[in-house]
>>> print(open('target-v7.cif').read())   # mmCIF, C-alpha atoms
data_upload
loop_
_atom_site.label_atom_id
_atom_site.label_comp_id
_atom_site.auth_asym_id
_atom_site.auth_seq_id
_atom_site.Cartn_x
_atom_site.Cartn_y
_atom_site.Cartn_z
CA MET A 8 157.56 -16.40 -42.14
CA ARG A 9 159.58 -18.32 -44.74
CA PHE A 10 162.36 -20.49 -43.27
CA GLY A 11 165.34 -22.32 -44.63
CA VAL A 12 167.15 -25.02 -42.68
CA LEU A 13 170.94 -25.10 -42.72
CA GLY A 14 172.06 -28.66 -42.07
CA THR A 15 171.22 -32.20 -43.15
CA GLY A 16 171.95 -34.39 -40.11
CA PHE A 17 169.55 -36.17 -37.79
CA TRP A 18 168.64 -33.09 -35.72
CA ALA A 19 168.21 -30.98 -38.87
CA ARG A 20 165.85 -33.55 -40.39
CA GLU A 21 163.90 -34.84 -37.42
CA VAL A 22 163.55 -31.62 -35.42
CA HIS A 23 164.21 -28.44 -37.43
CA ALA A 24 162.83 -29.46 -40.79
CA ARG A 25 160.02 -31.61 -39.40
CA ALA A 26 158.87 -28.90 -36.99
CA LEU A 27 158.85 -26.27 -39.72
CA ALA A 28 157.15 -28.54 -42.25
CA ASP A 29 154.34 -29.21 -39.75
CA HIS A 30 154.14 -25.67 -38.39
CA PRO A 31 150.68 -24.08 -38.83
CA SER A 32 151.98 -20.70 -40.00
CA ALA A 33 155.70 -20.87 -40.78
CA GLN A 34 156.75 -22.10 -44.21
CA LEU A 35 159.69 -24.40 -44.85
CA VAL A 36 161.22 -23.27 -48.16
CA GLY A 37 164.44 -25.21 -48.53
CA ILE A 38 167.38 -27.13 -47.07
CA TRP A 39 171.05 -26.25 -47.44
CA GLY A 40 173.91 -28.63 -46.79
CA ARG A 41 177.64 -28.81 -47.29
CA ASP A 42 176.94 -31.99 -49.26
CA VAL A 43 174.49 -30.95 -51.98
CA ALA A 44 173.36 -34.56 -52.56
CA LYS A 45 172.30 -34.82 -48.91
CA ALA A 46 170.61 -31.42 -49.10
CA LYS A 47 168.58 -32.54 -52.10
CA ALA A 48 167.68 -35.82 -50.40
CA VAL A 49 166.46 -34.07 -47.24
CA GLY A 50 164.66 -31.48 -49.36
CA ALA A 51 162.88 -34.26 -51.22
CA GLN A 52 161.81 -35.79 -47.91
CA PHE A 53 159.95 -32.56 -47.10
CA ASP A 54 159.01 -31.63 -50.68
CA VAL A 55 161.22 -28.54 -50.77
CA THR A 56 164.35 -27.59 -52.70
CA GLY A 57 167.77 -28.77 -51.58
CA TYR A 58 170.50 -26.17 -52.05
CA GLY A 59 174.26 -26.39 -52.38
CA ASP A 60 174.69 -22.60 -52.48
CA VAL A 61 173.76 -20.94 -49.20
CA ASP A 62 173.21 -17.55 -50.84
CA GLU A 63 170.60 -19.05 -53.17
CA LEU A 64 168.65 -20.28 -50.16
CA LEU A 65 169.05 -17.00 -48.26
CA ALA A 66 167.53 -15.16 -51.20
CA GLN A 67 164.32 -17.19 -50.79
CA VAL A 68 163.69 -16.88 -47.04
CA ASP A 69 162.98 -14.48 -44.19
CA ALA A 70 164.70 -16.58 -41.51
CA VAL A 71 167.08 -19.49 -41.16
CA ALA A 72 167.12 -22.36 -38.67
CA PHE A 73 170.60 -23.70 -37.98
CA SER A 74 171.48 -27.31 -37.28
CA LEU A 75 175.22 -27.28 -37.84
CA PRO A 76 178.41 -27.82 -35.84
CA PRO A 77 179.16 -24.61 -33.91
CA HIS A 78 182.33 -23.79 -35.85
CA VAL A 79 180.29 -23.97 -39.07
CA GLN A 80 177.25 -22.21 -37.64
CA ALA A 81 178.99 -19.03 -36.43
CA PRO A 82 180.34 -17.70 -39.75
CA LEU A 83 177.15 -18.66 -41.58
CA ALA A 84 175.09 -16.88 -38.93
CA VAL A 85 177.08 -13.71 -39.61
CA ARG A 86 176.44 -14.17 -43.32
CA ALA A 87 172.72 -14.72 -42.81
CA ALA A 88 172.35 -11.73 -40.48
CA GLU A 89 174.19 -9.51 -42.92
CA ALA A 90 171.69 -10.67 -45.55
CA GLY A 91 168.87 -9.45 -43.27
CA LYS A 92 167.62 -12.87 -42.16
CA HIS A 93 166.28 -13.64 -38.70
CA LEU A 94 168.18 -16.38 -36.88
CA LEU A 95 166.98 -19.51 -35.08
CA LEU A 96 170.32 -20.70 -33.77
CA GLU A 97 171.53 -23.97 -32.27
CA LYS A 98 173.62 -24.28 -29.15
CA PRO A 99 176.45 -23.67 -28.63
CA LEU A 100 176.56 -20.55 -30.76
CA ALA A 101 180.31 -20.97 -31.34
CA LEU A 102 183.38 -22.60 -29.80
CA ASP A 103 185.12 -19.37 -28.81
CA VAL A 104 184.04 -15.96 -27.60
CA ALA A 105 185.53 -14.04 -30.53
CA SER A 106 183.40 -15.98 -33.03
CA ALA A 107 180.31 -15.52 -30.86
CA ASP A 108 181.00 -11.79 -30.63
CA ARG A 109 181.08 -11.53 -34.42
CA VAL A 110 177.59 -13.04 -34.59
CA VAL A 111 176.32 -10.61 -31.93
CA THR A 112 177.75 -7.66 -33.86
CA ALA A 113 176.23 -8.83 -37.13
CA VAL A 114 172.79 -9.29 -35.54
CA ARG A 115 172.89 -5.87 -33.92
CA ASN A 116 174.08 -4.12 -37.06
CA ALA A 117 171.42 -5.80 -39.20
CA GLY A 118 168.61 -5.30 -36.69
CA VAL A 119 167.39 -8.89 -37.11
CA ALA A 120 165.76 -11.05 -34.45
CA SER A 121 167.55 -14.03 -32.90
CA VAL A 122 166.66 -17.00 -30.72
CA VAL A 123 168.93 -19.85 -29.62
CA PHE A 124 167.06 -23.16 -29.47
CA VAL A 125 167.82 -24.61 -26.05
CA THR A 126 165.03 -27.16 -25.99
CA PHE A 127 163.89 -27.06 -22.36
CA ARG A 128 163.39 -23.29 -22.39
CA PHE A 129 160.52 -23.67 -24.89
CA GLN A 130 158.53 -26.25 -22.92
CA VAL A 131 155.54 -25.42 -20.74
CA GLY A 132 156.88 -27.22 -17.69
CA THR A 133 160.02 -25.10 -17.74
CA TRP A 134 158.01 -21.85 -17.90
CA THR A 135 156.10 -22.92 -14.79
CA TRP A 136 159.31 -23.92 -13.02
CA LEU A 137 161.02 -20.62 -13.87
CA THR A 138 157.99 -18.69 -12.60
CA GLN A 139 158.11 -20.58 -9.29
CA ALA A 140 161.85 -20.03 -9.03
CA ALA A 141 161.45 -16.29 -9.58
CA ARG A 142 159.21 -16.13 -6.48
CA THR A 143 161.77 -17.93 -4.32
CA ASN A 144 164.85 -16.68 -2.50
CA LEU A 145 167.27 -19.16 -4.05
CA VAL A 146 170.60 -20.33 -2.69
CA GLY A 147 171.79 -22.75 -5.35
CA GLY A 148 170.94 -25.53 -7.72
CA SER A 149 172.16 -28.52 -9.70
CA VAL A 150 171.90 -30.12 -13.12
CA SER A 151 172.89 -33.73 -13.78
CA TRP A 152 172.68 -34.86 -17.40
CA LEU A 153 174.09 -38.26 -18.25
CA GLY A 154 173.66 -39.14 -21.90
CA ALA A 155 174.41 -42.42 -23.67
CA ASN A 156 175.34 -40.97 -27.05
CA TYR A 157 177.48 -43.95 -27.98
CA ALA A 158 174.79 -46.57 -27.53
CA PRO A 159 174.29 -48.54 -30.75
CA ASP A 160 170.92 -46.93 -31.49
CA SER A 161 171.91 -43.33 -30.67
CA PRO A 162 171.43 -40.94 -33.61
CA PHE A 163 174.28 -38.76 -32.25
CA ARG A 164 177.02 -41.39 -32.13
CA GLU A 165 178.53 -40.27 -35.46
CA SER A 166 178.57 -36.54 -34.65
CA ALA A 167 182.23 -35.53 -35.07
CA TRP A 168 182.06 -32.23 -33.19
CA ARG A 169 180.32 -33.85 -30.22
CA ILE A 170 182.94 -36.58 -30.10
CA GLU A 171 185.73 -33.99 -30.16
CA HIS A 172 184.31 -31.45 -27.70
CA GLY A 173 182.18 -33.70 -25.50
CA ALA A 174 179.45 -33.04 -22.98
CA LEU A 175 180.81 -29.69 -21.78
CA TRP A 176 180.01 -27.99 -25.07
CA ASP A 177 177.00 -30.09 -26.08
CA ILE A 178 175.06 -30.38 -22.82
CA GLY A 179 176.62 -27.44 -21.00
CA PRO A 180 174.38 -24.91 -22.79
CA HIS A 181 171.28 -26.78 -21.61
CA ALA A 182 172.48 -26.65 -18.00
CA LEU A 183 173.29 -22.94 -18.24
CA SER A 184 169.95 -22.17 -19.90
CA LEU A 185 168.29 -23.28 -16.64
CA LEU A 186 170.82 -22.22 -14.02
CA VAL A 187 171.49 -18.68 -15.28
CA PRO A 188 167.86 -17.45 -15.38
CA THR A 189 167.21 -18.83 -11.90
CA LEU A 190 170.50 -18.06 -10.12
CA GLY A 191 171.96 -15.21 -12.16
CA PRO A 192 174.99 -14.74 -14.43
CA VAL A 193 178.03 -16.93 -13.79
CA GLU A 194 181.10 -15.14 -12.40
CA SER A 195 183.54 -18.03 -12.02
CA VAL A 196 183.91 -21.74 -12.72
CA GLN A 197 185.73 -24.67 -11.15
CA ALA A 198 185.91 -27.92 -13.12
CA THR A 199 187.09 -31.52 -12.83
CA ALA A 200 187.15 -34.17 -15.55
CA GLY A 201 186.09 -37.76 -15.01
CA GLN A 202 186.10 -40.86 -17.18
CA GLY A 203 185.15 -40.47 -20.83
CA ASP A 204 183.87 -36.96 -21.38
CA LEU A 205 182.39 -36.68 -17.87
CA VAL A 206 182.82 -33.23 -16.33
CA HIS A 207 181.87 -31.86 -12.92
CA LEU A 208 181.40 -28.09 -12.79
CA VAL A 209 180.91 -25.67 -9.91
CA PHE A 210 179.50 -22.27 -10.86
CA THR A 211 179.58 -19.17 -8.70
CA HIS A 212 176.79 -16.81 -9.68
CA VAL A 213 176.35 -13.10 -9.10
CA GLY A 214 175.31 -12.49 -5.49
CA GLY A 215 177.12 -15.53 -4.11
CA ARG A 216 174.69 -18.22 -5.24
CA THR A 217 176.32 -21.46 -6.38
CA SER A 218 175.38 -24.40 -8.55
CA THR A 219 176.82 -27.62 -9.88
CA ALA A 220 176.57 -29.48 -13.17
CA THR A 221 177.52 -33.08 -13.89
CA LEU A 222 177.58 -33.73 -17.61
CA SER A 223 178.42 -36.71 -19.81
CA LEU A 224 177.63 -38.10 -23.23
CA THR A 225 179.50 -41.34 -22.54
CA ALA A 226 177.41 -42.77 -19.70
CA ALA A 227 176.09 -46.32 -19.74
CA GLU A 228 172.55 -46.67 -21.06
CA MET A 229 171.24 -47.76 -17.67
CA ALA A 230 172.71 -44.62 -16.05
CA ALA A 231 171.31 -42.13 -18.56
CA GLY A 232 168.91 -39.45 -17.36
CA VAL A 233 168.42 -35.79 -16.48
CA GLU A 234 167.90 -34.23 -13.04
CA VAL A 235 167.40 -30.49 -12.49
CA TRP A 236 166.64 -28.61 -9.28
CA VAL A 237 167.18 -25.34 -7.47
CA HIS A 238 166.70 -24.74 -3.75
CA GLY A 239 165.94 -21.87 -1.41
CA ASP A 240 163.47 -20.69 1.19
CA ALA A 241 160.60 -22.54 -0.49
CA GLY A 242 162.47 -25.83 -0.46
CA ARG A 243 163.69 -27.71 -3.50
CA LEU A 244 162.09 -26.92 -6.88
CA VAL A 245 162.54 -29.90 -9.20
CA LEU A 246 162.18 -29.69 -12.98
CA LEU A 247 161.17 -32.89 -14.77
CA PRO A 248 161.84 -32.01 -18.41
CA PRO A 249 160.34 -34.23 -21.11
CA LEU A 250 163.05 -35.60 -23.37
CA ASP A 251 160.74 -36.36 -26.31
CA GLY A 252 159.23 -32.92 -26.94
CA ALA A 253 161.84 -31.32 -29.20
CA VAL A 254 159.57 -30.83 -32.22
CA ASP A 255 156.86 -29.13 -30.19
CA ALA A 256 159.48 -26.98 -28.44
CA HIS A 257 160.96 -26.00 -31.79
CA GLN A 258 157.58 -24.81 -33.02
CA VAL A 259 157.28 -22.63 -29.92
CA ALA A 260 160.75 -21.22 -30.64
CA VAL A 261 159.65 -20.43 -34.20
CA ASP A 262 156.59 -18.59 -32.86
CA GLU A 263 158.70 -16.60 -30.42
CA LEU A 264 161.30 -15.70 -33.06
CA THR A 265 158.51 -14.54 -35.35
CA ALA A 266 156.97 -12.44 -32.59
CA ALA A 267 160.34 -10.86 -31.80
CA ALA A 268 160.90 -10.08 -35.48
CA VAL A 269 157.48 -8.46 -35.87
CA ALA A 270 157.82 -6.42 -32.68
CA GLY A 271 161.47 -5.53 -33.21
CA ALA A 272 162.10 -6.92 -29.72
CA THR A 273 164.80 -9.00 -28.10
CA HIS A 274 164.19 -12.48 -26.72
CA PRO A 275 165.50 -13.82 -23.36
CA CYS A 276 167.28 -16.59 -25.29
CA ASP A 277 168.75 -14.34 -27.97
CA VAL A 278 172.22 -14.21 -29.49
CA VAL A 279 173.59 -12.25 -26.51
CA PHE A 280 172.43 -14.97 -24.13
CA ALA A 281 174.02 -17.54 -26.45
CA ARG A 282 177.26 -15.55 -26.52
CA ASP A 283 177.38 -15.37 -22.73
CA MET A 284 176.95 -19.15 -22.52
CA VAL A 285 179.96 -19.54 -24.82
CA ALA A 286 181.97 -17.32 -22.46
CA VAL A 287 181.09 -19.57 -19.50
CA LEU A 288 181.87 -22.75 -21.44
CA ALA A 289 185.22 -21.35 -22.58
CA THR A 290 185.97 -20.50 -18.94
CA ALA A 291 185.06 -24.03 -17.89
CA GLN A 292 187.37 -25.39 -20.57
CA ARG A 293 190.23 -23.29 -19.15
CA ALA A 294 189.39 -24.49 -15.65
CA LEU A 295 189.62 -28.11 -16.81
CA GLU A 296 193.01 -27.42 -18.38
CA THR A 297 194.50 -25.42 -15.47
CA GLY A 298 192.87 -27.16 -12.54
CA CYS A 299 192.15 -23.73 -11.10
CA ARG A 300 189.08 -21.63 -10.49
CA GLU A 301 188.66 -19.35 -13.50
CA ASN A 302 186.76 -16.08 -13.74
CA VAL A 303 184.36 -15.47 -16.61
CA GLU A 304 185.53 -12.61 -18.78
CA GLY A 305 182.97 -10.18 -20.17
#
>>> encode(input="target-v7.cif", output="structure tokens")
Amino acid sequence: MRFGVLGTGFWAREVHARALADHPSAQLVGIWGRDVAKAKAVGAQFDVTGYGDVDELLAQVDAVAFSLPPHVQAPLAVRAAEAGKHLLLEKPLALDVASADRVVTAVRNAGVASVVFVTFRFQVGTWTWLTQAARTNLVGGSVSWLGANYAPDSPFRESAWRIEHGALWDIGPHALSLLVPTLGPVESVQATAGQGDLVHLVFTHVGGRTSTATLSLTAAEMAAGVEVWVHGDAGRLVLLPPLDGAVDAHQVAVDELTAAAVAGATHPCDVVFARDMVAVLATAQRALETGCRENVEG
């Protein structure tokens, strides 16, 4: 399958483009960016064409991998789907439910395949953990992700959308990608803000299960780390996700998108799953603003 990458930042270069360039069967065809000079520079790095016109790139590919801010990604995803291209999307899909719904509608109308790249879901350890969790009568769970994005050597410290929207929207999708498949869809959210962009979330899932998430991009370097677990009648099931396996995970996501496209099938992490995560995050944002428990709207 021929892929184009939309985006020129660190994640676009070092994960999306690198994974596709090294993929044994997918073909990286080109890079598009809002700054054509950057697109050409990244294209030259991988010996492909850099484009300033997104339609020119779409005409050359079967699928597109997105590495863009969510408010830029959503309308371009609609455009790519309407052009008949399969979508490897980044999280979050959008910053509001209406924009996410437009992407879902475009994907359905076009009949294209979609996968949202939530890194942990495409790692072997997570598959094993999810299989164990499915055999357990679970009660609840927790995700703690403290990131040090503003450390001097962090490649994300200049990301404007992350600075504006913080850990809730950047790390929240990762937490939901693990809590929802194990504990079920989220029905309501309570939320409290801490220092910096720190947020504490309490999710109530279908069936009365509950979970918590503590998320920050502004933690001290010495405090940074990820902890994930669910618990039930088999005890506590702990996930120890590797934080350095994004390229390998991306290649798995490419394989699974390709398989879905060939089979005409949906993927567990498709655009609908991505849309539902946006609905939960938007609910959490309201809960932070109101100080009240908020119900997730369909």
>>> residues_around(input="target-v7.cif", residues="stretch 293-305 of chain A", least_positions_apart="4", cutoff="10 Å", atoms="all atoms listed in the file", output="PDB file with C-alpha atoms, in the frame of the given file")
ATOM      1  CA  VAL A 104     184.040 -15.960 -27.600  1.00  0.00           C
ATOM      2  CA  PRO A 192     174.990 -14.740 -14.430  1.00  0.00           C
ATOM      3  CA  VAL A 193     178.030 -16.930 -13.790  1.00  0.00           C
ATOM      4  CA  GLU A 194     181.100 -15.140 -12.400  1.00  0.00           C
ATOM      5  CA  SER A 195     183.540 -18.030 -12.020  1.00  0.00           C
ATOM      6  CA  VAL A 196     183.910 -21.740 -12.720  1.00  0.00           C
ATOM      7  CA  GLN A 197     185.730 -24.670 -11.150  1.00  0.00           C
ATOM      8  CA  ALA A 198     185.910 -27.920 -13.120  1.00  0.00           C
ATOM      9  CA  THR A 199     187.090 -31.520 -12.830  1.00  0.00           C
ATOM     10  CA  ALA A 200     187.150 -34.170 -15.550  1.00  0.00           C
ATOM     11  CA  VAL A 206     182.820 -33.230 -16.330  1.00  0.00           C
ATOM     12  CA  HIS A 207     181.870 -31.860 -12.920  1.00  0.00           C
ATOM     13  CA  LEU A 208     181.400 -28.090 -12.790  1.00  0.00           C
ATOM     14  CA  VAL A 209     180.910 -25.670  -9.910  1.00  0.00           C
ATOM     15  CA  PHE A 210     179.500 -22.270 -10.860  1.00  0.00           C
ATOM     16  CA  THR A 211     179.580 -19.170  -8.700  1.00  0.00           C
ATOM     17  CA  ASP A 283     177.380 -15.370 -22.730  1.00  0.00           C
ATOM     18  CA  ALA A 286     181.970 -17.320 -22.460  1.00  0.00           C
ATOM     19  CA  VAL A 287     181.090 -19.570 -19.500  1.00  0.00           C
ATOM     20  CA  LEU A 288     181.870 -22.750 -21.440  1.00  0.00           C
ATOM     21  CA  ALA A 289     185.220 -21.350 -22.580  1.00  0.00           C
TER      22      ALA A 289
END
>>> resolve_selection(input="target-v7.cif", expression="the PyMOL selection byres ((chain A and resi 237) around 7)", output="list in words")
Gly147, Gly148, Ser149, Trp236, His238, Arg243, Leu244 and Val245 of chain A
>>> write_last_selection(input="target-v7.cif", atoms="C-alpha atoms", output="PDB file, keeping the file's coordinate frame")
ATOM      1  CA  GLY A 147     171.790 -22.750  -5.350  1.00  0.00           C
ATOM      2  CA  GLY A 148     170.940 -25.530  -7.720  1.00  0.00           C
ATOM      3  CA  SER A 149     172.160 -28.520  -9.700  1.00  0.00           C
ATOM      4  CA  TRP A 236     166.640 -28.610  -9.280  1.00  0.00           C
ATOM      5  CA  HIS A 238     166.700 -24.740  -3.750  1.00  0.00           C
ATOM      6  CA  ARG A 243     163.690 -27.710  -3.500  1.00  0.00           C
ATOM      7  CA  LEU A 244     162.090 -26.920  -6.880  1.00  0.00           C
ATOM      8  CA  VAL A 245     162.540 -29.900  -9.200  1.00  0.00           C
TER       9      VAL A 245
END
>>> closest_residue(input="target-v7.cif", among="A:Ala226, A:Leu137, A:Ala48, A:Ala256", to="A:His30", atoms="only C-alpha atoms")
A:Ala256
>>> residues_near_point(input="target-v7.cif", point="(168.8, -35.1, -17.2)", cutoff="6 Å", atoms="only C-alpha atoms", output="list of chain:residue names")
A:Ser151, A:Trp152, A:Gly232, A:Val233, A:Glu234
>>> resolve_selection(input="target-v7.cif", expression="the PyMOL selection byres ((chain A and resi 168) around 12)", output="list in words")
Leu75, Pro76, Pro77, His78, Val79, Gln80, Pro99, Ala101, Leu102, Phe163, Arg164, Glu165, Ser166, Ala167, Arg169, Ile170, Glu171, His172, Gly173, Ala174, Leu175, Trp176 and Asp177 of chain A
>>> residues_around(input="target-v7.cif", residues="A:Ala88", least_positions_apart="4", cutoff="6 Å", atoms="all atoms listed in the file", output="list in words")
Lys92, Ala113 and Val114 of chain A
>>> resolve_selection(input="target-v7.cif", expression="the PyMOL selection byres ((chain A and resi 257-264) around 9)", output="VMD selection string")
chain A and resid 22 to 23 26 to 27 29 to 30 32 to 33 72 93 to 95 120 to 124 126 128 to 130 252 to 256 265 to 269 274
>>> write_last_selection(input="target-v7.cif", atoms="C-alpha atoms", output="PDB file, keeping the file's coordinate frame")
ATOM      1  CA  VAL A  22     163.550 -31.620 -35.420  1.00  0.00           C
ATOM      2  CA  HIS A  23     164.210 -28.440 -37.430  1.00  0.00           C
ATOM      3  CA  ALA A  26     158.870 -28.900 -36.990  1.00  0.00           C
ATOM      4  CA  LEU A  27     158.850 -26.270 -39.720  1.00  0.00           C
ATOM      5  CA  ASP A  29     154.340 -29.210 -39.750  1.00  0.00           C
ATOM      6  CA  HIS A  30     154.140 -25.670 -38.390  1.00  0.00           C
ATOM      7  CA  SER A  32     151.980 -20.700 -40.000  1.00  0.00           C
ATOM      8  CA  ALA A  33     155.700 -20.870 -40.780  1.00  0.00           C
ATOM      9  CA  ALA A  72     167.120 -22.360 -38.670  1.00  0.00           C
ATOM     10  CA  HIS A  93     166.280 -13.640 -38.700  1.00  0.00           C
ATOM     11  CA  LEU A  94     168.180 -16.380 -36.880  1.00  0.00           C
ATOM     12  CA  LEU A  95     166.980 -19.510 -35.080  1.00  0.00           C
ATOM     13  CA  ALA A 120     165.760 -11.050 -34.450  1.00  0.00           C
ATOM     14  CA  SER A 121     167.550 -14.030 -32.900  1.00  0.00           C
ATOM     15  CA  VAL A 122     166.660 -17.000 -30.720  1.00  0.00           C
ATOM     16  CA  VAL A 123     168.930 -19.850 -29.620  1.00  0.00           C
ATOM     17  CA  PHE A 124     167.060 -23.160 -29.470  1.00  0.00           C
ATOM     18  CA  THR A 126     165.030 -27.160 -25.990  1.00  0.00           C
ATOM     19  CA  ARG A 128     163.390 -23.290 -22.390  1.00  0.00           C
ATOM     20  CA  PHE A 129     160.520 -23.670 -24.890  1.00  0.00           C
ATOM     21  CA  GLN A 130     158.530 -26.250 -22.920  1.00  0.00           C
ATOM     22  CA  GLY A 252     159.230 -32.920 -26.940  1.00  0.00           C
ATOM     23  CA  ALA A 253     161.840 -31.320 -29.200  1.00  0.00           C
ATOM     24  CA  VAL A 254     159.570 -30.830 -32.220  1.00  0.00           C
ATOM     25  CA  ASP A 255     156.860 -29.130 -30.190  1.00  0.00           C
ATOM     26  CA  ALA A 256     159.480 -26.980 -28.440  1.00  0.00           C
ATOM     27  CA  THR A 265     158.510 -14.540 -35.350  1.00  0.00           C
ATOM     28  CA  ALA A 266     156.970 -12.440 -32.590  1.00  0.00           C
ATOM     29  CA  ALA A 267     160.340 -10.860 -31.800  1.00  0.00           C
ATOM     30  CA  ALA A 268     160.900 -10.080 -35.480  1.00  0.00           C
ATOM     31  CA  VAL A 269     157.480  -8.460 -35.870  1.00  0.00           C
ATOM     32  CA  HIS A 274     164.190 -12.480 -26.720  1.00  0.00           C
TER      33      HIS A 274
END
>>> atom_distance(input="target-v7.cif", atom1="atom CA of A:Pro275", atom2="atom CA of A:Gly191")
13.0 Å
>>> closest_residue(input="target-v7.cif", among="A:Leu247, A:Val12, A:Ala44, A:Val55", to="A:Val71", atoms="only C-alpha atoms")
A:Val12
>>> closest_residue(input="target-v7.cif", among="A:Met284, A:Val131, A:Ala117, A:Gly215", to="A:Pro188", atoms="only C-alpha atoms")
A:Met284
>>> atom_distance(input="target-v7.cif", atom1="atom CA of A:Leu96", atom2="atom CA of A:Phe73")
5.2 Å
>>> closest_residue(input="target-v7.cif", among="A:Leu145, A:Gly50, A:Ile178, A:Val110", to="A:Arg86", atoms="all atoms listed in the file")
A:Val110
>>> closest_residue(input="target-v7.cif", among="A:Asp240, A:Glu228, A:Thr217, A:Leu100", to="A:Asp160", atoms="all atoms listed in the file")
A:Glu228
>>> atom_distance(input="target-v7.cif", atom1="atom CA of A:Thr143", atom2="atom CA of A:Val213")
16.1 Å
>>> residues_around(input="target-v7.cif", residues="A:Leu205", least_positions_apart="5", cutoff="8 Å", atoms="all atoms listed in the file", output="PyMOL selection string")
chain A and resi 174+200+221-225
>>> residues_around(input="target-v7.cif", residues="stretch 56-59 of chain A", least_positions_apart="4", cutoff="6 Å", atoms="all atoms listed in the file", output="VMD selection string")
chain A and resid 37 to 39 43 46 to 47 50
